[in-house]
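Peer 1: File start30.cif follows (mmCIF, C-alpha atoms):
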```cif
data_input
#
loop_
_atom_site.group_PDB
_atom_site.id
_atom_site.type_symbol
_atom_site.label_atom_id
_atom_site.label_comp_id
_atom_site.auth_asym_id
_atom_site.auth_seq_id
_atom_site.Cartn_x
_atom_site.Cartn_y
_atom_site.Cartn_z
ATOM 1 C CA MET A 1 50.386 160.255 126.339
ATOM 2 C CA ASN A 2 52.761 161.465 129.050
ATOM 3 C CA TYR A 3 56.465 160.617 129.390
ATOM 4 C CA GLN A 4 58.721 161.474 132.309
ATOM 5 C CA TYR A 5 62.064 163.012 131.360
ATOM 6 C CA TYR A 6 65.165 164.096 133.249
ATOM 7 C CA ILE A 7 68.043 166.416 132.370
ATOM 8 C CA ALA A 8 71.444 165.559 133.820
ATOM 9 C CA ASP A 9 74.734 167.436 133.748
ATOM 10 C CA VAL A 10 77.251 164.773 132.728
ATOM 11 C CA PHE A 11 80.977 164.309 133.398
ATOM 12 C CA THR A 12 80.771 166.638 136.368
ATOM 13 C CA ASP A 13 79.784 166.642 140.031
ATOM 14 C CA GLN A 14 78.640 170.266 139.926
ATOM 15 C CA ILE A 15 75.426 171.648 138.488
ATOM 16 C CA PHE A 16 75.751 174.053 135.528
ATOM 17 C CA ASN A 17 78.873 172.204 134.332
ATOM 18 C CA GLY A 18 79.542 169.254 132.026
ATOM 19 C CA ALA A 19 77.194 168.451 129.142
ATOM 20 C CA GLN A 20 73.404 168.566 129.404
ATOM 21 C CA ILE A 21 71.782 165.260 128.436
ATOM 22 C CA ALA A 22 68.050 164.493 128.473
ATOM 23 C CA VAL A 23 66.915 160.973 129.398
ATOM 24 C CA LEU A 24 63.512 159.328 128.995
ATOM 25 C CA PRO A 25 63.892 156.176 131.144
ATOM 26 C CA LYS A 26 60.619 154.638 129.943
ATOM 27 C CA ALA A 27 60.241 155.402 126.235
ATOM 28 C CA GLU A 28 58.027 152.470 125.210
ATOM 29 C CA GLY A 29 55.581 153.472 122.493
ATOM 30 C CA LEU A 30 57.779 156.095 120.838
ATOM 31 C CA ASN A 31 58.854 155.592 117.226
ATOM 32 C CA ALA A 32 61.920 157.053 115.516
ATOM 33 C CA GLU A 33 59.991 159.980 114.048
ATOM 34 C CA MET A 34 58.631 161.049 117.431
ATOM 35 C CA MET A 35 62.013 160.570 119.136
ATOM 36 C CA ALA A 36 63.619 162.826 116.544
ATOM 37 C CA LYS A 37 60.949 165.488 117.124
ATOM 38 C CA ILE A 38 61.421 165.355 120.898
ATOM 39 C CA ALA A 39 65.209 165.708 120.574
ATOM 40 C CA LYS A 40 64.761 168.667 118.256
ATOM 41 C CA GLU A 41 62.261 170.271 120.654
ATOM 42 C CA LEU A 42 64.507 169.827 123.710
ATOM 43 C CA ASN A 43 67.452 171.094 121.614
ATOM 44 C CA LEU A 44 70.181 169.579 123.797
ATOM 45 C CA SER A 45 73.329 167.964 122.421
ATOM 46 C CA GLU A 46 71.794 164.486 122.994
ATOM 47 C CA THR A 47 68.477 163.040 124.133
ATOM 48 C CA VAL A 48 68.405 159.413 125.302
ATOM 49 C CA PHE A 49 65.449 157.042 124.988
ATOM 50 C CA LEU A 50 65.507 153.822 127.042
ATOM 51 C CA PHE A 51 63.446 150.687 126.463
ATOM 52 C CA GLN A 52 63.227 147.704 128.810
ATOM 53 C CA LYS A 53 65.040 144.688 127.367
ATOM 54 C CA GLY A 54 65.337 141.364 129.182
ATOM 55 C CA SER A 55 66.317 141.718 132.830
ATOM 56 C CA GLU A 56 66.199 144.782 135.064
ATOM 57 C CA SER A 57 69.821 145.565 134.181
ATOM 58 C CA GLN A 58 69.318 145.575 130.394
ATOM 59 C CA ARG A 59 68.076 148.465 128.266
ATOM 60 C CA ARG A 60 67.812 149.248 124.569
ATOM 61 C CA MET A 61 69.196 152.758 124.103
ATOM 62 C CA ARG A 62 68.525 155.106 121.228
ATOM 63 C CA ILE A 63 70.239 158.480 121.019
ATOM 64 C CA PHE A 64 69.151 161.532 119.053
ATOM 65 C CA SER A 65 70.668 164.952 118.565
ATOM 66 C CA PRO A 66 68.528 167.791 117.175
ATOM 67 C CA LEU A 67 69.854 166.742 113.734
ATOM 68 C CA GLY A 68 69.053 163.029 113.895
ATOM 69 C CA GLU A 69 69.951 159.644 115.372
ATOM 70 C CA ILE A 70 73.456 158.865 116.697
ATOM 71 C CA ASN A 71 74.823 155.317 116.645
ATOM 72 C CA PHE A 72 77.196 155.723 119.605
ATOM 73 C CA ALA A 73 77.913 158.331 122.262
ATOM 74 C CA GLY A 74 79.522 158.187 125.688
ATOM 75 C CA HIS A 75 77.697 160.973 127.527
ATOM 76 C CA PRO A 76 74.298 159.215 127.215
ATOM 77 C CA ILE A 77 75.725 156.113 128.918
ATOM 78 C CA ILE A 78 76.754 158.100 131.997
ATOM 79 C CA ALA A 79 73.456 160.012 132.009
ATOM 80 C CA ALA A 80 71.276 156.917 131.525
ATOM 81 C CA ALA A 81 72.879 154.881 134.316
ATOM 82 C CA TYR A 82 72.638 157.812 136.718
ATOM 83 C CA ILE A 83 68.991 158.574 135.869
ATOM 84 C CA LEU A 84 67.942 154.917 136.143
ATOM 85 C CA ALA A 85 69.435 154.912 139.636
ATOM 86 C CA ILE A 86 67.933 158.142 140.964
ATOM 87 C CA SER A 87 64.513 157.437 139.416
ATOM 88 C CA GLY A 88 64.344 154.049 141.141
ATOM 89 C CA ASP A 89 64.232 152.039 137.914
ATOM 90 C CA ILE A 90 67.225 150.014 139.117
ATOM 91 C CA GLN A 91 68.127 149.093 142.674
ATOM 92 C CA LEU A 92 71.568 149.908 144.091
ATOM 93 C CA SER A 93 71.775 147.078 146.589
ATOM 94 C CA GLU A 94 75.505 146.430 146.028
ATOM 95 C CA PRO A 95 78.545 148.754 145.850
ATOM 96 C CA LEU A 96 78.824 147.892 142.125
ATOM 97 C CA THR A 97 75.852 147.410 139.796
ATOM 98 C CA LYS A 98 76.378 145.977 136.319
ATOM 99 C CA LEU A 99 74.224 147.234 133.438
ATOM 100 C CA GLN A 100 73.958 146.569 129.701
ATOM 101 C CA PHE A 101 72.966 149.252 127.205
ATOM 102 C CA GLU A 102 72.318 148.170 123.641
ATOM 103 C CA GLN A 103 73.224 151.028 121.307
ATOM 104 C CA ASN A 104 73.096 150.847 117.505
ATOM 105 C CA ILE A 105 76.763 149.779 117.393
ATOM 106 C CA GLY A 106 76.197 146.922 119.858
ATOM 107 C CA THR A 107 75.956 146.213 123.585
ATOM 108 C CA ILE A 108 77.907 148.381 126.047
ATOM 109 C CA GLU A 109 78.870 146.922 129.433
ATOM 110 C CA VAL A 110 78.477 149.461 132.236
ATOM 111 C CA ASN A 111 79.556 149.508 135.892
ATOM 112 C CA LEU A 112 77.743 151.854 138.270
ATOM 113 C CA SER A 113 79.337 152.363 141.676
ATOM 114 C CA SER A 114 77.270 153.519 144.639
ATOM 115 C CA LEU A 115 77.601 154.426 148.289
ATOM 116 C CA GLU A 116 74.672 153.938 150.678
ATOM 117 C CA GLY A 117 72.289 153.705 147.733
ATOM 118 C CA ARG A 118 73.514 156.888 146.032
ATOM 119 C CA PRO A 119 74.999 156.615 142.501
ATOM 120 C CA GLY A 120 78.633 157.588 142.024
ATOM 121 C CA LEU A 121 81.072 156.892 139.209
ATOM 122 C CA VAL A 122 79.703 155.343 136.016
ATOM 123 C CA GLN A 123 82.243 153.475 133.883
ATOM 124 C CA PHE A 124 81.931 151.681 130.556
ATOM 125 C CA SER A 125 84.484 149.837 128.447
ATOM 126 C CA ARG A 126 85.126 149.714 124.734
ATOM 127 C CA SER A 127 87.484 147.745 122.550
ATOM 128 C CA VAL A 128 88.526 149.815 119.558
ATOM 129 C CA ASP A 129 90.642 149.545 116.425
ATOM 130 C CA SER A 130 92.283 152.618 114.981
ATOM 131 C CA ILE A 131 93.874 153.929 111.827
ATOM 132 C CA ILE A 132 96.761 156.305 112.512
ATOM 133 C CA ASP A 133 98.406 158.401 109.816
ATOM 134 C CA ARG A 134 101.481 160.464 110.615
ATOM 135 C CA PHE A 135 100.853 162.678 107.605
ATOM 136 C CA ALA A 136 99.559 166.030 108.789
ATOM 137 C CA PRO A 137 99.417 169.595 107.464
ATOM 138 C CA THR A 138 102.548 171.660 108.015
ATOM 139 C CA ASP A 139 103.010 173.541 111.269
ATOM 140 C CA GLU A 140 102.477 176.797 109.374
ATOM 141 C CA GLU A 141 99.148 175.546 108.021
ATOM 142 C CA ILE A 142 98.024 174.273 111.428
ATOM 143 C CA CYS A 143 98.812 177.619 113.039
ATOM 144 C CA SER A 144 97.000 179.482 110.268
ATOM 145 C CA PHE A 145 93.693 177.653 110.746
ATOM 146 C CA LEU A 146 93.914 177.609 114.558
ATOM 147 C CA GLY A 147 95.146 181.171 115.077
ATOM 148 C CA LEU A 148 98.269 180.016 116.947
ATOM 149 C CA GLN A 149 102.008 180.732 116.813
ATOM 150 C CA LEU A 150 104.570 178.114 115.751
ATOM 151 C CA ALA A 151 106.206 178.165 119.198
ATOM 152 C CA GLU A 152 102.915 177.022 120.763
ATOM 153 C CA LEU A 153 102.959 173.610 119.026
ATOM 154 C CA ASP A 154 104.486 170.662 120.904
ATOM 155 C CA HIS A 155 106.949 168.604 118.862
ATOM 156 C CA LYS A 156 109.086 167.379 121.753
ATOM 157 C CA LYS A 157 106.843 164.715 123.266
ATOM 158 C CA TYR A 158 103.987 164.559 120.747
ATOM 159 C CA SER A 159 103.256 165.601 117.167
ATOM 160 C CA PRO A 160 100.154 166.170 115.004
ATOM 161 C CA ARG A 161 98.658 162.933 113.674
ATOM 162 C CA LEU A 162 95.465 161.784 111.999
ATOM 163 C CA VAL A 163 93.587 159.216 114.110
ATOM 164 C CA SER A 164 90.357 157.440 113.282
ATOM 165 C CA CYS A 165 88.314 154.915 115.248
ATOM 166 C CA GLY A 166 85.540 155.284 112.689
ATOM 167 C CA PHE A 167 85.555 159.094 112.725
ATOM 168 C CA PRO A 168 88.787 160.874 111.691
ATOM 169 C CA TYR A 169 90.348 163.528 113.925
ATOM 170 C CA LEU A 170 93.426 165.647 113.338
ATOM 171 C CA VAL A 171 95.045 165.533 116.798
ATOM 172 C CA VAL A 172 97.196 168.581 117.519
ATOM 173 C CA PRO A 173 99.348 168.964 120.675
ATOM 174 C CA VAL A 174 100.303 172.342 122.158
ATOM 175 C CA TRP A 175 102.360 173.219 125.205
ATOM 176 C CA ASN A 176 99.979 175.322 127.240
ATOM 177 C CA TYR A 177 96.397 175.438 128.448
ATOM 178 C CA GLU A 178 96.149 179.065 127.278
ATOM 179 C CA SER A 179 96.775 177.982 123.676
ATOM 180 C CA VAL A 180 93.885 175.501 123.830
ATOM 181 C CA ARG A 181 91.517 178.126 125.178
ATOM 182 C CA LYS A 182 92.424 180.968 122.797
ATOM 183 C CA ALA A 183 92.473 178.946 119.549
ATOM 184 C CA ARG A 184 89.970 180.090 116.898
ATOM 185 C CA PHE A 185 89.151 178.052 113.811
ATOM 186 C CA ASN A 186 89.689 179.799 110.449
ATOM 187 C CA TYR A 187 87.693 178.102 107.720
ATOM 188 C CA ALA A 188 89.371 179.947 104.825
ATOM 189 C CA ALA A 189 92.847 178.908 106.017
ATOM 190 C CA TRP A 190 91.608 175.336 106.575
ATOM 191 C CA ALA A 191 90.230 175.098 103.037
ATOM 192 C CA GLN A 192 93.507 176.328 101.547
ATOM 193 C CA SER A 193 95.646 173.896 103.579
ATOM 194 C CA ALA A 194 96.359 170.182 103.165
ATOM 195 C CA ALA A 195 93.965 169.384 106.028
ATOM 196 C CA PRO A 196 90.906 168.517 103.887
ATOM 197 C CA GLN A 197 93.045 165.945 102.038
ATOM 198 C CA THR A 198 93.592 164.039 105.297
ATOM 199 C CA ALA A 199 89.822 163.387 105.557
ATOM 200 C CA ALA A 200 89.880 164.831 109.097
ATOM 201 C CA GLN A 201 86.487 166.251 109.975
ATOM 202 C CA GLU A 202 87.414 167.771 113.334
ATOM 203 C CA ILE A 203 90.546 168.947 115.154
ATOM 204 C CA LEU A 204 91.280 167.586 118.621
ATOM 205 C CA LEU A 205 93.516 170.197 120.225
ATOM 206 C CA PHE A 206 95.128 169.266 123.544
ATOM 207 C CA CYS A 207 97.799 170.156 126.069
ATOM 208 C CA PRO A 208 99.362 168.090 128.883
ATOM 209 C CA LYS A 209 98.435 170.750 131.452
ATOM 210 C CA SER A 210 95.205 171.925 132.975
ATOM 211 C CA SER A 211 93.686 174.624 135.131
ATOM 212 C CA SER A 212 92.592 171.852 137.504
ATOM 213 C CA PRO A 213 94.886 169.577 139.549
ATOM 214 C CA ALA A 214 92.364 166.761 138.968
ATOM 215 C CA ALA A 215 93.093 166.612 135.210
ATOM 216 C CA ASP A 216 96.141 165.451 133.258
ATOM 217 C CA PHE A 217 95.106 166.879 129.869
ATOM 218 C CA ASN A 218 92.876 169.666 128.598
ATOM 219 C CA LEU A 219 91.117 168.994 125.283
ATOM 220 C CA ARG A 220 89.030 170.986 122.847
ATOM 221 C CA LEU A 221 87.293 170.207 119.558
ATOM 222 C CA LEU A 222 87.345 172.661 116.670
ATOM 223 C CA GLY A 223 86.473 172.349 112.998
ATOM 224 C CA PRO A 224 84.435 173.457 109.999
ATOM 225 C CA ASN A 225 81.150 172.230 111.511
ATOM 226 C CA ILE A 226 81.764 173.638 115.014
ATOM 227 C CA GLY A 227 80.915 177.223 115.969
ATOM 228 C CA ILE A 228 83.928 179.500 116.342
ATOM 229 C CA HIS A 229 83.236 180.078 120.048
ATOM 230 C CA ALA A 230 81.797 176.610 120.743
ATOM 231 C CA ASP A 231 83.412 174.124 123.106
ATOM 232 C CA PRO A 232 81.500 170.885 122.420
ATOM 233 C CA PRO A 233 81.696 167.660 124.455
ATOM 234 C CA VAL A 234 84.769 165.525 123.708
ATOM 235 C CA GLY A 235 83.520 162.142 124.936
ATOM 236 C CA SER A 236 83.161 160.632 121.461
ATOM 237 C CA ALA A 237 86.785 161.529 120.702
ATOM 238 C CA MET A 238 88.209 159.634 123.691
ATOM 239 C CA PRO A 239 88.886 156.354 121.816
ATOM 240 C CA ALA A 240 90.844 158.281 119.188
ATOM 241 C CA PHE A 241 92.753 160.222 121.847
ATOM 242 C CA CYS A 242 93.743 157.041 123.707
ATOM 243 C CA CYS A 243 94.881 155.417 120.450
ATOM 244 C CA TYR A 244 96.854 158.575 119.661
ATOM 245 C CA LEU A 245 98.720 158.403 122.985
ATOM 246 C CA CYS A 246 99.513 154.725 122.415
ATOM 247 C CA SER A 247 100.949 155.462 118.960
ATOM 248 C CA PHE A 248 104.066 157.017 120.538
ATOM 249 C CA GLU A 249 106.982 154.800 121.510
ATOM 250 C CA HIS A 250 107.499 156.553 124.853
ATOM 251 C CA THR A 251 104.027 155.429 126.022
ATOM 252 C CA GLN A 252 104.948 152.365 128.074
ATOM 253 C CA LYS A 253 103.058 149.088 127.832
ATOM 254 C CA GLY A 254 100.572 148.443 130.615
ATOM 255 C CA THR A 255 97.438 149.990 132.084
ATOM 256 C CA HIS A 256 97.340 153.777 132.180
ATOM 257 C CA THR A 257 94.907 155.800 134.300
ATOM 258 C CA PHE A 258 94.419 159.523 133.716
ATOM 259 C CA ALA A 259 91.820 162.290 133.576
ATOM 260 C CA VAL A 260 90.857 164.614 130.739
ATOM 261 C CA GLU A 261 89.340 168.059 131.209
ATOM 262 C CA ARG A 262 87.151 169.820 128.662
ATOM 263 C CA GLY A 263 86.504 173.544 129.023
ATOM 264 C CA GLU A 264 86.648 175.543 132.225
ATOM 265 C CA LEU A 265 84.137 176.550 134.892
ATOM 266 C CA SER A 266 82.906 179.482 132.779
ATOM 267 C CA THR A 267 82.290 177.180 129.780
ATOM 268 C CA ARG A 268 80.751 174.108 131.450
ATOM 269 C CA ARG A 269 83.849 172.208 132.550
ATOM 270 C CA SER A 270 83.797 168.410 132.113
ATOM 271 C CA LEU A 271 86.093 165.830 133.709
ATOM 272 C CA ILE A 272 86.446 162.401 132.086
ATOM 273 C CA ASN A 273 88.275 159.542 133.811
ATOM 274 C CA LEU A 274 90.077 157.162 131.466
ATOM 275 C CA GLU A 275 91.872 153.835 131.700
ATOM 276 C CA MET A 276 93.567 152.132 128.758
ATOM 277 C CA ASP A 277 95.265 148.747 128.485
ATOM 278 C CA HIS A 278 98.224 149.412 126.186
ATOM 279 C CA LYS A 279 99.534 146.068 124.957
ATOM 280 C CA GLY A 280 101.010 147.197 121.654
ATOM 281 C CA LEU A 281 98.248 145.447 119.715
ATOM 282 C CA GLU A 282 95.982 146.790 117.011
ATOM 283 C CA ASN A 283 93.024 146.465 119.377
ATOM 284 C CA LEU A 284 92.909 148.781 122.402
ATOM 285 C CA THR A 285 90.630 148.376 125.425
ATOM 286 C CA ILE A 286 89.617 151.617 127.090
ATOM 287 C CA ARG A 287 87.405 152.368 130.075
ATOM 288 C CA VAL A 288 85.612 155.702 130.286
ATOM 289 C CA GLY A 289 84.197 156.950 133.580
ATOM 290 C CA GLY A 290 82.419 159.976 134.948
ATOM 291 C CA GLN A 291 79.785 161.338 137.269
ATOM 292 C CA ALA A 292 76.492 163.137 136.724
ATOM 293 C CA VAL A 293 74.147 165.427 138.658
ATOM 294 C CA LEU A 294 70.427 166.027 138.200
ATOM 295 C CA PHE A 295 69.460 169.409 136.796
ATOM 296 C CA ALA A 296 65.749 169.075 135.986
ATOM 297 C CA GLU A 297 62.865 166.684 135.576
ATOM 298 C CA GLY A 298 59.452 167.037 134.010
ATOM 299 C CA THR A 299 56.672 165.564 131.899
ATOM 300 C CA LEU A 300 56.303 165.511 128.120
ATOM 301 C CA ARG A 301 52.655 165.719 127.070
ATOM 302 C CA LEU A 302 52.413 164.049 123.669
ATOM 303 C CA PRO A 303 49.337 163.464 121.519
ATOM 304 C CA SER A 304 47.892 159.951 121.779
#
```
Give the structure from this file in structure tokens form.

Peer 2:
Amino acid sequence: MNYQYYIADVFTDQIFNGAQIAVLPKAEGLNAEMMAKIAKELNLSETVFLFQKGSESQRRMRIFSPLGEINFAGHPIIAAAYILAISGDIQLSEPLTKLQFEQNIGTIEVNLSSLEGRPGLVQFSRSVDSIIDRFAPTDEEICSFLGLQLAELDHKKYSPRLVSCGFPYLVVPVWNYESVRKARFNYAAWAQSAAPQTAAQEILLFCPKSSSPAADFNLRLLGPNIGIHADPPVGSAMPAFCCYLCSFEHTQKGTHTFAVERGELSTRRSLINLEMDHKGLENLTIRVGGQAVLFAEGTLRLPS
């Protein structure tokens, strides 16, 4: 049986940047075992399988990495909406098209903007609860497992904190973009520090500066399960990052709009647009937006 698939570069408007996501817009007939095998064969960070559900604007979405199924991810939402539009599976008759994607965690509401029938910004919203712990390893320990100097850490406006919206991150602020780019994770130093006691599984390193005027922050993920030279997508960490920003008293109440950059042009730069409604409550509403471009399309030839 044959299945059409597309590969999109996500959170970018330029080919060879962002994160590569595969999408099968019509995946009816595939079971979990076969989906897992396809994702492993394609070997991209995420492969998305869409199933018609209800009206034209509703889809059941299942997401697999080469290691197995993922309950939630943001990149597949951007990729799926874009691919449905360019493949003709949904009609862009209005400037704003509303979609619903049912992931394993629940239904995600999506807005797809368009101009003259061409897809533009894709935005989805999430309401999240967080756990924030101000306990963090010492500055000396943080510098030892990131390969940084003490003077590079930012303690004036921000400070290291543990933030979890279901997945715990150790969020570490530095002053400069160069510090984010040069950091190298040291597993031996990590294991000997207090970091494992915090339950943090990854480090979200960021600075309030960027190489691009379009971005307000530059972010990077590092950790024991991330390759030393890897610069993985940061989309799944955005709820935790927004909750982190709101945990500081100087973050004023109201709606904040800003952009986050991941990487640089030589390492597949991504640009994520964010909005958050900071009301000082335990629950935070965030809106994540981005663009995508088509890289490839083809046919999977599977046994009947």

Peer 1: Report, in Å with one decimal, the straight-line distance from CA of Leu148 (chain A) to CA of Arg181 (chain A).

Peer 2: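 CA of Leu148 (chain A) sits 10.8 Å away from CA of Arg181 (chain A).
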
Peer 1: Applied to the shown file, which residues does the PyMOL selection byres ((chain A and resi 56-66) around 9) return, written as number ranges by chain?

Peer 2: A: 32, 35-55, 67-73, 76-77, 80, 89-91, 97-104, 107

Peer 1: Would you work out the distance separating CA of Ala200 (chain A) from CA of Ile78 (chain A), expressed in Å to one decimal?

Peer 2: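 The value is 27.2 Å.
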
Peer 1: Show me, as a list of chain:residue names, the residues that have an atom within 8 Å of region 156-168 of chain A when counting all atoms listed in the file, minus same-chain residues fewer than 2 positions from it.

Peer 2: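 My reading of the contact set: A:Val128, A:Asp129, A:Ser130, A:Ile131, A:Ile132, A:Asp133, A:Arg134, A:Phe135, A:Ala136, A:Asp154, A:Leu170, A:Val171, A:Val172, A:Pro173, A:Thr198, A:Ala199, A:Ala200, A:Gln201, A:Glu202, A:Pro239, A:Ala240, A:Phe241, A:Cys243, A:Tyr244, A:Phe248.
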
Peer 1: Take the point (93.9, 167.4, 126.5) as written in the file and pick out every residue within 7 Å of it, counting only C-alpha atoms; give the list as a CSV table (one decimal) with C-alpha atoms, in the frame of the given file.

Peer 2:
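The resulting file, out-v7.csv, is shown below:
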```
chain,number,residue,atom,x,y,z
A,205,LEU,CA,93.5,170.2,120.2
A,206,PHE,CA,95.1,169.3,123.5
A,207,CYS,CA,97.8,170.2,126.1
A,208,PRO,CA,99.4,168.1,128.9
A,217,PHE,CA,95.1,166.9,129.9
A,218,ASN,CA,92.9,169.7,128.6
A,219,LEU,CA,91.1,169.0,125.3
A,260,VAL,CA,90.9,164.6,130.7
A,261,GLU,CA,89.3,168.1,131.2
```

Peer 1: Residues of region 107-212 of chain A within 7 Å of region 278-287 of chain A: nearest atom pair and distance (Å, one decimal) for each, counting only C-alpha atoms, sorted by chain and number, as a tab-separated table?

Peer 2:
```
residue	atom	partner	partner_atom	distance
A:Gln123	CA	A:Arg287	CA	6.5
A:Phe124	CA	A:Arg287	CA	5.5
A:Ser125	CA	A:Arg287	CA	4.2
A:Arg126	CA	A:Ile286	CA	5.4
A:Ser127	CA	A:Thr285	CA	4.3
A:Val128	CA	A:Leu284	CA	5.3
A:Asp129	CA	A:Asn283	CA	4.9
```

Peer 1: Please report, as lines of an AutoDock Vina configuration file, the centre and edge lengths in Å to one decimal of an axis-aligned box covering all listed atoms of region 179-187 of chain A with 5 Å per side.

Peer 2:
```
center_x = 92.2
center_y = 178.2
center_z = 116.4
size_x = 19.1
size_y = 15.5
size_z = 27.5
```

Peer 1: For the file shown, report as an MDAnalysis selection string the outcome of the PyMOL selection byres ((chain A and resi 8) around 8) at residue level.

Peer 2: chainID A and resid 6:7 9:10 19:23 79 83 292:296
